[in-house]
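Raw work21.tsv, TSV, C-alpha atoms and all ligand atoms:
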```tsv
chain	number	residue	atom	x	y	z
A	1	MET	CA	0.00	0.00	0.00
A	2	ASN	CA	1.25	3.43	-0.98
A	3	ASN	CA	1.35	5.28	2.34
A	4	SER	CA	0.64	8.63	0.72
A	5	LYS	CA	-2.84	7.23	0.05
A	6	LYS	CA	-3.48	5.95	3.60
A	7	ILE	CA	-5.70	8.18	5.68
A	8	ILE	CA	-6.99	7.57	9.21
A	9	VAL	CA	-10.38	9.15	9.84
A	10	THR	CA	-11.47	9.33	13.48
A	11	GLY	CA	-15.23	9.47	13.77
A	12	GLY	CA	-15.60	8.02	10.28
A	13	ALA	CA	-19.07	6.68	11.09
A	14	GLY	CA	-20.27	10.11	12.20
A	15	TYR	CA	-22.06	12.74	10.18
A	16	ILE	CA	-19.22	14.72	8.56
A	17	GLY	CA	-16.78	11.82	8.92
A	18	SER	CA	-18.89	9.39	6.88
A	19	HIS	CA	-19.36	11.87	4.03
A	20	THR	CA	-15.62	12.51	4.03
A	21	VAL	CA	-14.85	8.78	3.97
A	22	ILE	CA	-17.00	8.49	0.82
A	23	GLU	CA	-15.15	11.36	-0.83
A	24	LEU	CA	-11.75	9.88	0.08
A	25	LEU	CA	-12.65	6.38	-1.13
A	26	SER	CA	-13.99	7.84	-4.38
A	27	GLN	CA	-10.66	9.64	-4.89
A	28	GLY	CA	-8.63	6.43	-4.50
A	29	TYR	CA	-7.54	6.79	-0.86
A	30	HIS	CA	-7.28	3.87	1.52
A	31	VAL	CA	-9.31	4.77	4.60
A	32	THR	CA	-9.28	3.43	8.14
A	33	SER	CA	-12.15	4.70	10.26
A	34	MET	CA	-11.78	4.71	14.05
A	35	ASP	CA	-15.08	5.19	15.85
A	36	ASN	CA	-16.82	4.05	19.03
A	37	PHE	CA	-20.35	4.75	17.72
A	38	SER	CA	-21.12	7.10	20.62
A	39	ASN	CA	-23.37	9.08	18.25
A	40	SER	CA	-23.44	6.86	15.16
A	41	SER	CA	-24.04	3.29	14.08
A	42	PRO	CA	-21.85	0.56	12.50
A	43	ASP	CA	-24.55	0.27	9.83
A	44	VAL	CA	-23.10	3.46	8.31
A	45	TYR	CA	-20.14	1.43	6.97
A	46	ARG	CA	-22.48	-0.82	5.01
A	47	ARG	CA	-24.10	2.26	3.51
A	48	ILE	CA	-20.71	3.69	2.58
A	49	GLU	CA	-20.00	0.42	0.80
A	50	ALA	CA	-23.33	0.62	-1.06
A	51	ILE	CA	-22.38	4.07	-2.36
A	52	THR	CA	-18.69	3.50	-3.17
A	53	ASN	CA	-18.46	-0.30	-3.66
A	54	GLN	CA	-15.68	-0.19	-1.09
A	55	LEU	CA	-15.69	-0.95	2.59
A	56	PRO	CA	-13.31	1.21	4.65
A	57	GLU	CA	-11.06	-0.59	7.10
A	58	THR	CA	-12.55	-0.06	10.55
A	59	ALA	CA	-11.53	-0.14	14.20
A	60	THR	CA	-13.94	0.24	17.11
A	61	VAL	CA	-12.06	2.38	19.59
A	62	ASP	CA	-12.74	5.04	22.20
A	63	LEU	CA	-10.06	7.61	21.41
A	64	ALA	CA	-10.41	9.23	24.81
A	65	ASP	CA	-8.89	5.97	26.16
A	66	LYS	CA	-5.17	6.59	25.66
A	67	LYS	CA	-4.04	2.95	25.67
A	68	ALA	CA	-6.71	1.93	23.18
A	69	CYS	CA	-5.88	4.91	20.97
A	70	LEU	CA	-2.13	4.17	20.94
A	71	GLU	CA	-2.80	0.52	20.10
A	72	ALA	CA	-5.14	1.39	17.26
A	73	PHE	CA	-2.69	3.83	15.66
A	74	ALA	CA	0.25	1.43	16.06
A	75	LYS	CA	-1.43	-0.79	13.47
A	76	HIS	CA	-1.26	2.01	10.90
A	77	ARG	CA	2.30	3.21	11.05
A	78	ASN	CA	3.31	5.86	8.51
A	79	ALA	CA	-0.20	6.57	7.24
A	80	PHE	CA	-0.15	9.86	5.34
A	81	ALA	CA	-2.59	11.77	7.52
A	82	VAL	CA	-5.17	11.64	10.24
A	83	ILE	CA	-8.40	13.60	9.99
A	84	HIS	CA	-9.72	13.99	13.52
A	85	PHE	CA	-13.51	14.33	13.57
A	86	ALA	CA	-14.38	12.25	16.64
A	87	ALA	CA	-15.84	14.65	19.20
A	88	PHE	CA	-19.01	15.64	21.03
A	89	LYS	CA	-20.73	18.42	19.09
A	90	SER	CA	-23.83	19.79	20.73
A	91	VAL	CA	-23.71	23.39	21.93
A	92	PRO	CA	-26.62	23.08	24.45
A	93	GLU	CA	-25.42	19.69	25.71
A	94	SER	CA	-21.97	21.20	26.34
A	95	VAL	CA	-23.52	23.98	28.41
A	96	ALA	CA	-25.30	21.34	30.51
A	97	SER	CA	-22.30	18.94	30.73
A	98	PRO	CA	-19.08	20.96	30.41
A	99	ILE	CA	-16.79	18.46	32.12
A	100	GLU	CA	-17.82	15.63	29.78
A	101	TYR	CA	-17.20	17.91	26.80
A	102	TYR	CA	-13.76	19.03	27.95
A	103	ARG	CA	-12.78	15.50	28.95
A	104	ASN	CA	-13.87	13.85	25.72
A	105	ASN	CA	-12.93	16.49	23.17
A	106	VAL	CA	-9.60	17.54	24.67
A	107	ASN	CA	-8.41	14.09	25.80
A	108	SER	CA	-9.20	12.44	22.49
A	109	LEU	CA	-7.30	15.13	20.56
A	110	LEU	CA	-4.27	14.81	22.87
A	111	ASN	CA	-4.36	11.02	22.54
A	112	VAL	CA	-4.72	11.14	18.76
A	113	MET	CA	-1.76	13.52	18.48
A	114	GLU	CA	0.47	11.41	20.71
A	115	ALA	CA	-0.58	8.24	18.92
A	116	ALA	CA	-0.02	9.82	15.50
A	117	THR	CA	3.47	10.95	16.57
A	118	GLU	CA	4.38	7.47	17.82
A	119	ALA	CA	3.09	5.93	14.59
A	120	GLY	CA	5.17	8.33	12.47
A	121	ILE	CA	2.11	10.12	11.05
A	122	ARG	CA	3.02	13.74	10.37
A	123	ASN	CA	-0.13	15.28	8.96
A	124	ILE	CA	-3.12	16.17	11.12
A	125	ILE	CA	-6.37	17.80	10.10
A	126	PHE	CA	-8.50	19.01	13.01
A	127	SER	CA	-12.28	19.51	12.83
A	128	SER	CA	-12.73	22.96	14.22
A	129	SER	CA	-15.76	25.20	14.14
A	130	CYS	CA	-16.75	28.78	13.49
A	131	SER	CA	-17.83	28.79	17.13
A	132	VAL	CA	-14.21	29.69	17.95
A	133	TYR	CA	-14.98	33.27	16.87
A	134	GLY	CA	-17.68	33.82	19.55
A	135	ASN	CA	-20.00	36.83	19.15
A	136	ILE	CA	-18.51	39.05	16.45
A	137	ASN	CA	-19.87	42.43	15.31
A	138	GLN	CA	-17.85	42.66	12.10
A	139	LEU	CA	-19.22	40.15	9.55
A	140	PRO	CA	-18.26	38.13	7.60
A	141	VAL	CA	-15.46	36.61	9.67
A	142	ASN	CA	-12.17	35.66	8.09
A	143	GLU	CA	-9.32	33.64	9.56
A	144	ASN	CA	-7.70	36.78	10.99
A	145	THR	CA	-10.78	37.98	12.85
A	146	PRO	CA	-9.80	38.05	16.55
A	147	PHE	CA	-11.80	35.65	18.72
A	148	SER	CA	-14.31	37.02	21.12
A	149	LYS	CA	-15.19	34.97	24.24
A	150	ALA	CA	-16.26	31.41	23.39
A	151	ALA	CA	-20.03	31.23	23.96
A	152	SER	CA	-20.14	27.58	25.09
A	153	PRO	CA	-17.89	24.81	26.41
A	154	TYR	CA	-18.23	23.12	22.98
A	155	ALA	CA	-16.81	26.25	21.35
A	156	TYR	CA	-14.03	26.44	23.90
A	157	THR	CA	-12.99	22.83	23.24
A	158	LYS	CA	-12.41	23.94	19.62
A	159	VAL	CA	-10.39	27.01	20.69
A	160	ILE	CA	-8.24	24.77	22.90
A	161	GLY	CA	-7.96	22.10	20.18
A	162	GLU	CA	-6.68	24.58	17.61
A	163	ARG	CA	-4.14	25.93	20.06
A	164	ILE	CA	-2.90	22.44	20.97
A	165	LEU	CA	-2.34	21.63	17.30
A	166	GLU	CA	-0.64	24.97	16.62
A	167	ASP	CA	1.72	24.61	19.61
A	168	TYR	CA	2.47	21.02	18.61
A	169	CYS	CA	3.36	22.00	15.04
A	170	GLN	CA	5.65	24.73	16.31
A	171	ILE	CA	7.93	22.26	18.08
A	172	HIS	CA	7.54	19.62	15.36
A	173	PRO	CA	8.67	21.35	12.17
A	174	GLU	CA	8.32	18.06	10.33
A	175	ALA	CA	4.61	17.98	11.22
A	176	LYS	CA	1.80	19.64	9.29
A	177	GLY	CA	-1.45	20.72	10.88
A	178	ILE	CA	-4.60	22.33	9.56
A	179	SER	CA	-7.64	23.42	11.54
A	180	LEU	CA	-10.72	23.55	9.34
A	181	ARG	CA	-13.37	25.84	10.81
A	182	TYR	CA	-16.74	24.53	9.71
A	183	PHE	CA	-19.68	26.86	9.77
A	184	ASN	CA	-23.02	24.95	9.95
A	185	PRO	CA	-22.81	21.67	8.01
A	186	VAL	CA	-26.25	20.38	6.96
A	187	GLY	CA	-27.89	18.22	4.28
A	188	ALA	CA	-27.14	14.65	3.29
A	189	HIS	CA	-25.49	12.60	0.58
A	190	PRO	CA	-27.51	12.87	-2.68
A	191	SER	CA	-27.85	9.06	-2.77
A	192	GLY	CA	-30.17	9.33	0.25
A	193	LEU	CA	-28.23	6.51	1.90
A	194	ILE	CA	-26.34	8.46	4.54
A	195	GLY	CA	-26.99	11.64	6.46
A	196	GLU	CA	-27.09	12.90	9.99
A	197	LEU	CA	-28.03	10.03	12.29
A	198	PRO	CA	-28.23	11.34	15.83
A	199	LEU	CA	-28.90	8.49	18.25
A	200	ASP	CA	-30.52	10.77	20.81
A	201	ARG	CA	-33.03	13.48	20.10
A	202	PRO	CA	-31.19	15.82	17.73
A	203	ASN	CA	-30.80	19.46	18.62
A	204	ASN	CA	-29.29	20.83	15.43
A	205	LEU	CA	-31.70	22.93	13.40
A	206	VAL	CA	-32.07	20.96	10.16
A	207	PRO	CA	-32.73	17.50	11.67
A	208	VAL	CA	-35.23	19.19	14.01
A	209	ILE	CA	-36.99	20.77	10.99
A	210	THR	CA	-37.16	17.47	9.05
A	211	GLN	CA	-38.35	15.53	12.12
A	212	THR	CA	-41.11	18.08	12.66
A	213	ALA	CA	-42.15	17.97	9.01
A	214	ILE	CA	-42.38	14.18	9.02
A	215	GLY	CA	-44.39	14.14	12.25
A	216	LYS	CA	-41.82	12.77	14.70
A	217	ARG	CA	-42.44	15.99	16.64
A	218	ASN	CA	-45.68	17.98	16.83
A	219	GLN	CA	-43.82	21.24	16.62
A	220	MET	CA	-40.34	22.64	16.89
A	221	GLU	CA	-39.03	25.52	18.94
A	222	ILE	CA	-37.29	28.55	17.52
A	223	PHE	CA	-34.83	29.68	20.14
A	224	GLY	CA	-34.99	33.46	20.35
A	225	PHE	CA	-37.08	35.93	18.34
A	226	ASP	CA	-35.56	38.98	19.97
A	227	TYR	CA	-32.08	39.03	18.42
A	228	PRO	CA	-31.16	42.31	16.70
A	229	THR	CA	-31.23	40.60	13.27
A	230	ARG	CA	-33.50	41.21	10.24
A	231	ASP	CA	-36.28	38.93	11.55
A	232	GLY	CA	-35.24	38.53	15.19
A	233	THR	CA	-33.83	34.99	14.79
A	234	CYS	CA	-30.17	33.89	14.78
A	235	ILE	CA	-28.14	33.99	11.58
A	236	ARG	CA	-25.88	31.14	10.53
A	237	ASP	CA	-23.86	30.08	7.49
A	238	TYR	CA	-25.27	26.72	6.38
A	239	ILE	CA	-23.05	24.62	4.14
A	240	HIS	CA	-23.71	21.25	2.51
A	241	VAL	CA	-21.91	18.38	4.23
A	242	CYS	CA	-20.62	17.07	0.86
A	243	ASP	CA	-18.95	20.43	0.21
A	244	ILE	CA	-17.26	20.14	3.60
A	245	ALA	CA	-16.18	16.58	2.74
A	246	ALA	CA	-14.69	17.67	-0.58
A	247	ALA	CA	-12.70	20.41	1.17
A	248	HIS	CA	-10.95	17.76	3.27
A	249	VAL	CA	-9.68	15.96	0.20
A	250	ALA	CA	-8.54	19.29	-1.23
A	251	ALA	CA	-6.78	20.08	2.05
A	252	ILE	CA	-4.92	16.78	1.85
A	253	GLU	CA	-3.99	17.19	-1.78
A	254	VAL	CA	-3.27	20.89	-2.02
A	255	GLN	CA	-2.42	22.23	1.33
A	256	LEU	CA	-0.93	19.75	3.74
A	257	GLU	CA	2.53	19.74	2.25
A	258	GLN	CA	2.66	23.53	2.01
A	259	VAL	CA	2.41	24.70	5.57
A	260	ASN	CA	3.51	23.95	9.09
A	261	TYR	CA	0.19	25.07	10.58
A	262	ASP	CA	-2.80	26.80	9.01
A	263	VAL	CA	-6.48	27.56	9.65
A	264	ILE	CA	-9.17	27.70	6.99
A	265	ASN	CA	-12.85	28.72	7.16
A	266	LEU	CA	-15.32	26.42	5.43
A	267	GLY	CA	-18.62	28.19	4.90
A	268	SER	CA	-20.91	29.19	2.05
A	269	GLY	CA	-20.46	32.87	2.82
A	270	GLN	CA	-24.21	33.42	3.11
A	271	GLY	CA	-25.97	34.43	6.32
A	272	VAL	CA	-29.36	32.72	6.72
A	273	SER	CA	-31.79	33.26	9.62
A	274	VAL	CA	-33.63	30.42	11.34
A	275	LEU	CA	-36.91	31.62	9.77
A	276	GLU	CA	-35.29	31.76	6.31
A	277	ALA	CA	-33.96	28.22	6.76
A	278	ILE	CA	-37.45	27.01	7.66
A	279	SER	CA	-38.95	28.81	4.60
A	280	ALA	CA	-36.36	27.25	2.29
A	281	PHE	CA	-37.27	23.84	3.67
A	282	GLU	CA	-41.02	24.49	3.28
A	283	LYS	CA	-40.46	25.55	-0.33
A	284	VAL	CA	-38.57	22.43	-1.41
A	285	SER	CA	-40.63	19.93	0.61
A	286	GLY	CA	-44.09	21.44	0.23
A	287	LYS	CA	-44.54	20.78	3.98
A	288	LYS	CA	-45.54	23.27	6.64
A	289	VAL	CA	-43.35	23.30	9.74
A	290	ASN	CA	-45.11	24.14	13.01
A	291	TYR	CA	-43.01	26.14	15.38
A	292	LEU	CA	-43.18	27.73	18.77
A	293	ARG	CA	-41.43	30.95	19.77
A	294	SER	CA	-39.12	29.97	22.62
A	295	PRO	CA	-36.57	31.88	24.70
A	296	ARG	CA	-32.96	32.15	23.56
A	297	ARG	CA	-30.88	28.99	23.87
A	298	PRO	CA	-27.84	29.33	26.19
A	299	GLY	CA	-24.54	29.23	24.31
A	300	ASP	CA	-25.92	30.56	20.99
A	301	VAL	CA	-24.20	33.43	19.20
A	302	GLU	CA	-26.41	36.00	17.49
A	303	ALA	CA	-25.08	35.96	13.93
A	304	ILE	CA	-22.11	34.56	12.07
A	305	TYR	CA	-21.15	33.84	8.49
A	306	SER	CA	-17.94	33.24	6.67
A	307	ASP	CA	-15.52	34.96	4.40
A	308	SER	CA	-14.40	31.80	2.61
A	309	SER	CA	-12.05	33.42	0.12
A	310	LYS	CA	-8.98	31.77	1.66
A	311	ALA	CA	-10.46	28.28	1.11
A	312	GLY	CA	-11.35	29.22	-2.44
A	313	LYS	CA	-7.89	30.49	-3.16
A	314	ILE	CA	-5.60	27.97	-1.53
A	315	LEU	CA	-7.73	24.83	-1.70
A	316	ASN	CA	-9.07	25.66	-5.14
A	317	TRP	CA	-12.43	24.76	-3.63
A	318	THR	CA	-15.88	26.17	-4.01
A	319	THR	CA	-19.33	25.10	-2.79
A	320	ARG	CA	-21.47	23.10	-5.22
A	321	TYR	CA	-24.72	22.94	-3.25
A	322	ASN	CA	-27.07	25.83	-2.39
A	323	LEU	CA	-29.53	26.19	0.50
A	324	GLU	CA	-32.34	24.47	-1.42
A	325	ASP	CA	-30.05	21.50	-2.20
A	326	MET	CA	-29.19	21.30	1.49
A	327	MET	CA	-32.87	21.16	2.46
A	328	LYS	CA	-33.81	18.81	-0.39
A	329	THR	CA	-31.15	16.24	0.51
A	330	ALA	CA	-31.90	16.53	4.25
A	331	TRP	CA	-35.59	15.91	3.52
A	332	GLN	CA	-34.84	12.95	1.24
A	333	TRP	CA	-32.68	11.46	4.01
A	334	GLU	CA	-35.39	11.93	6.65
A	335	GLN	CA	-37.96	10.26	4.41
A	336	ASN	CA	-35.61	7.34	3.70
A	337	LEU	CA	-34.92	6.89	7.42
A	338	ASN	CA	-38.65	6.63	7.98
A	339	ASN	CA	-39.12	4.04	5.25
A	340	LYS	CA	-36.41	1.76	6.62
A	401	LIG	C1	-22.72	25.11	16.25
A	401	LIG	C2	-21.55	25.69	15.49
A	401	LIG	C3	-21.23	24.84	14.26
A	401	LIG	C4	-21.08	23.38	14.64
A	401	LIG	C5	-22.34	22.93	15.36
A	401	LIG	C6	-22.21	21.50	15.86
A	401	LIG	C7	-21.81	28.08	15.87
A	401	LIG	C8	-22.10	29.40	15.29
A	401	LIG	N1	-21.89	27.04	15.06
A	401	LIG	O1	-23.85	25.23	15.46
A	401	LIG	O2	-20.01	25.29	13.70
A	401	LIG	O3	-20.91	22.62	13.48
A	401	LIG	O4	-22.52	23.74	16.53
A	401	LIG	O5	-23.39	21.10	16.53
A	401	LIG	O6	-21.45	27.95	17.04
A	401	LIG	N2	-32.29	26.30	16.51
A	401	LIG	C9	-33.64	26.49	16.77
A	401	LIG	N3	-34.39	25.41	17.12
A	401	LIG	C10	-33.87	24.15	17.24
A	401	LIG	C11	-32.49	23.97	16.93
A	401	LIG	C12	-31.73	25.07	16.58
A	401	LIG	O7	-34.15	27.60	16.74
A	401	LIG	O8	-34.60	23.21	17.59
A	401	LIG	C13	-31.49	27.46	16.12
A	401	LIG	C14	-30.34	27.71	17.09
A	401	LIG	O9	-30.76	28.49	18.17
A	401	LIG	C15	-29.34	28.40	16.16
A	401	LIG	C16	-29.61	27.78	14.79
A	401	LIG	O10	-30.89	27.18	14.87
A	401	LIG	O11	-29.65	29.76	16.09
A	401	LIG	C17	-28.59	26.70	14.43
A	401	LIG	O12	-28.47	25.81	15.52
A	401	LIG	P1	-27.71	24.42	15.40
A	401	LIG	O13	-28.12	23.70	14.18
A	401	LIG	O14	-27.85	23.70	16.72
A	401	LIG	O15	-26.21	24.81	15.17
A	401	LIG	P2	-25.23	25.84	15.96
A	401	LIG	O16	-25.37	25.67	17.43
A	401	LIG	O17	-25.36	27.18	15.36
```
Can you give me the file's structure in the form of C-alpha cells?
Amino acid sequence: MNNSKKIIVTGGAGYIGSHTVIELLSQGYHVTSMDNFSNSSPDVYRRIEAITNQLPETATVDLADKKACLEAFAKHRNAFAVIHFAAFKSVPESVASPIEYYRNNVNSLLNVMEAATEAGIRNIIFSSSCSVYGNINQLPVNENTPFSKAASPYAYTKVIGERILEDYCQIHPEAKGISLRYFNPVGAHPSGLIGELPLDRPNNLVPVITQTAIGKRNQMEIFGFDYPTRDGTCIRDYIHVCDIAAAHVAAIEVQLEQVNYDVINLGSGQGVSVLEAISAFEKVSGKKVNYLRSPRRPGDVEAIYSDSSKAGKILNWTTRYNLEDMMKTAWQWEQNLNNK
C-alpha cells in the first residue's frame, strides 16, 4: 500500500466523517475509520459500501482511552494523515455537561496527536468550528478575525484544540497541521443513503426541521425571536456536508505539504436566519413546519457567516450545493430513514 494514500479518519461513522470517507474512497484513498459509535451506528459502513463499492477498514475504539488509541494507531504506522472528527458536538449539551465535553474532546485530541506521533504520522487535520470566533460584530469573519469569548464549552474545546495543534506544530517542524473551521454543516449525501443520524433526540436545526415535518415531533421551537437581526432569529452560514467533505480531500492534496500550521474557514459565505432556513425547507418539501417561539438557547451566538475566500484560493475549492439542495437532501434522508 502506498502510504501517501493511507488516511486515518477518526469518527468516520459520524455525520461529517462518513461523508468525508465516501469522498476519500472515491478519490482512491485507503481509509481506516476509528469510531466508538457514541453518536453513530456501524450500519453506516455498510451504507458507505453501497455508495462507493468499497468498505473502509474499521476499528472500534474510544479515542479518549489513551491505551486503546495508541494501540489502534500502532497498526497504521506511517499513514499519510489523520483527519480527527471524533468529538461531542452539541452546543446546548456542552452547556449542561461541560466536564464531559472538555474530557472527551480535549483528551481524544491529545491522545490522537500522541498516537499519531508514535506511529510516524506527520499530517493532522483538526475539525474545528466557526464557534471559535464567539460573538462578532464585524461580519463576515475571516481567519484573521480576533476571537471574542467562546459562547459555550463546545466552542471552547475547539479554541483549545486549535491551540494544541498549533503549539504542537511549532515544536515539530516536520509535522503539518490544519484546523478547518466549519460553519453549519447540513444536508445529506444525494444518494439518500447516509446523512445525519443522531442516536438521541437531535438538537441541530435541520434534523429538528425534518423531524417536525415528518411528524416525529408535533412542533419545533425557535430559540430566540428577539435578536437584533433582520427577523429577530439567529443567523448562521449553512453549508452542505458534501462540500465540507470535498474540502478535506482538497486540504490533503493541495495544502498539507505547504504549511507547518494553518487555519481555513469552510462556509458558504451566506448568512441565513432560522426563519429563512425554515422557509427554504417548506419551499422544497411542500410541507408546513409548526413552530413555537421559545426563549434564547444558552450558548448561541447571534449571527455569524464566513468569508471563505482563503479556502477558495488555496484549496481551489468552491461550494457546489445551495440552501435548497441542502434542504432537499436533508428531507430525502429523513424520508428514507422513515421508510427503513
Ligand atoms: C454550532 C456551530 C457549528 C457546529 C455545530 C455542531 C456556531 C455558530 N456554530 O452550530 O459550527 O458545526 O454547533 O453542533 O457555534 N435552533 C432552533 N431550534 C432548534 C435547533 C436550533 O431555533 O430546535 C437554532 C439555534 O438556536 C441556532 C440555529 O438554529 O440559532 C442553528 O443551531 P444548530 O443547528 O444547533 O447549530 P449551531 O449551534 O449554530
Please write out the residues within 7 Å of ligand LIG 401 (chain A) as a PyMOL selection string, counting all atoms listed in the file. chain A and resi 89-91+129-131+155+182-185+203-206+208+220-224+233-236+274+296-297+300-301+304
Show me, as a PyMOL selection string, the residues that have an atom within 10 Å of Ala86 of chain A when counting all atoms listed in the file, minus same-chain residues fewer than 3 positions from it. chain A and resi 9-14+16-17+34-39+62-64+83+89+104-105+108-109+112+126-127
Contact residues around Tyr168 of chain A with all atoms listed in the file at 12 Å, ignoring same-chain residues under 2 positions, as an MDAnalysis selection string: chainID A and resid 109:110 113:114 116:117 122:124 161:166 170:178 260:261
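Those residues positioned at most 10 Å from (0.1, 9.3, 8.6) are Asn3, Ser4, Lys5, Lys6, Ile7, Ile8, Phe73, His76, Arg77, Asn78, Ala79, Phe80, Ala81, Val82, Ile83, Ala116, Thr117, Ala119, Gly120, Ile121, Arg122, Asn123 and Ile124 of chain A, judged using all atoms listed in the file.
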Could you produce a table of the residues of segment 276-313 of chain A lying within 12 Å of segment 240-252 of chain A, with the nearest pair of atoms per residue and their separation in Å rounded to one decimal, using only C-alpha atoms, ordered by chain and increasing residue number, as a tab-separated table?
```
residue	atom	partner	partner_atom	distance
A:Ser308	CA	A:Ala247	CA	11.6
A:Lys310	CA	A:Ala251	CA	11.9
A:Ala311	CA	A:Ala247	CA	8.2
A:Gly312	CA	A:Ala247	CA	9.6
A:Lys313	CA	A:Ala250	CA	11.4
```
So, counting all atoms listed in the file, which residue among A:Leu193, A:Arg47, A:Val254, A:Asn111 is closest to Ile314 of chain A? A:Val254
Using all atoms listed in the file, which of A:Pro207, A:Gly267, A:Gly232, A:Pro295 sits nearest Gly187 of chain A?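 Of all the options, A:Pro207 lies closest to Gly187 of chain A.
Note that the spacing between atom CA of Glu57 of chain A and atom CA of Gly192 of chain A amounts to 22.6 Å.
Separating atom CA of Leu275 of chain A from atom CA of Glu93 of chain A is a distance of 23.0 Å.
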Would you mind reading off the distance between atom CA of Gly299 of chain A and atom CA of Ser40 of chain A, one decimal, in Å? 24.2 Å
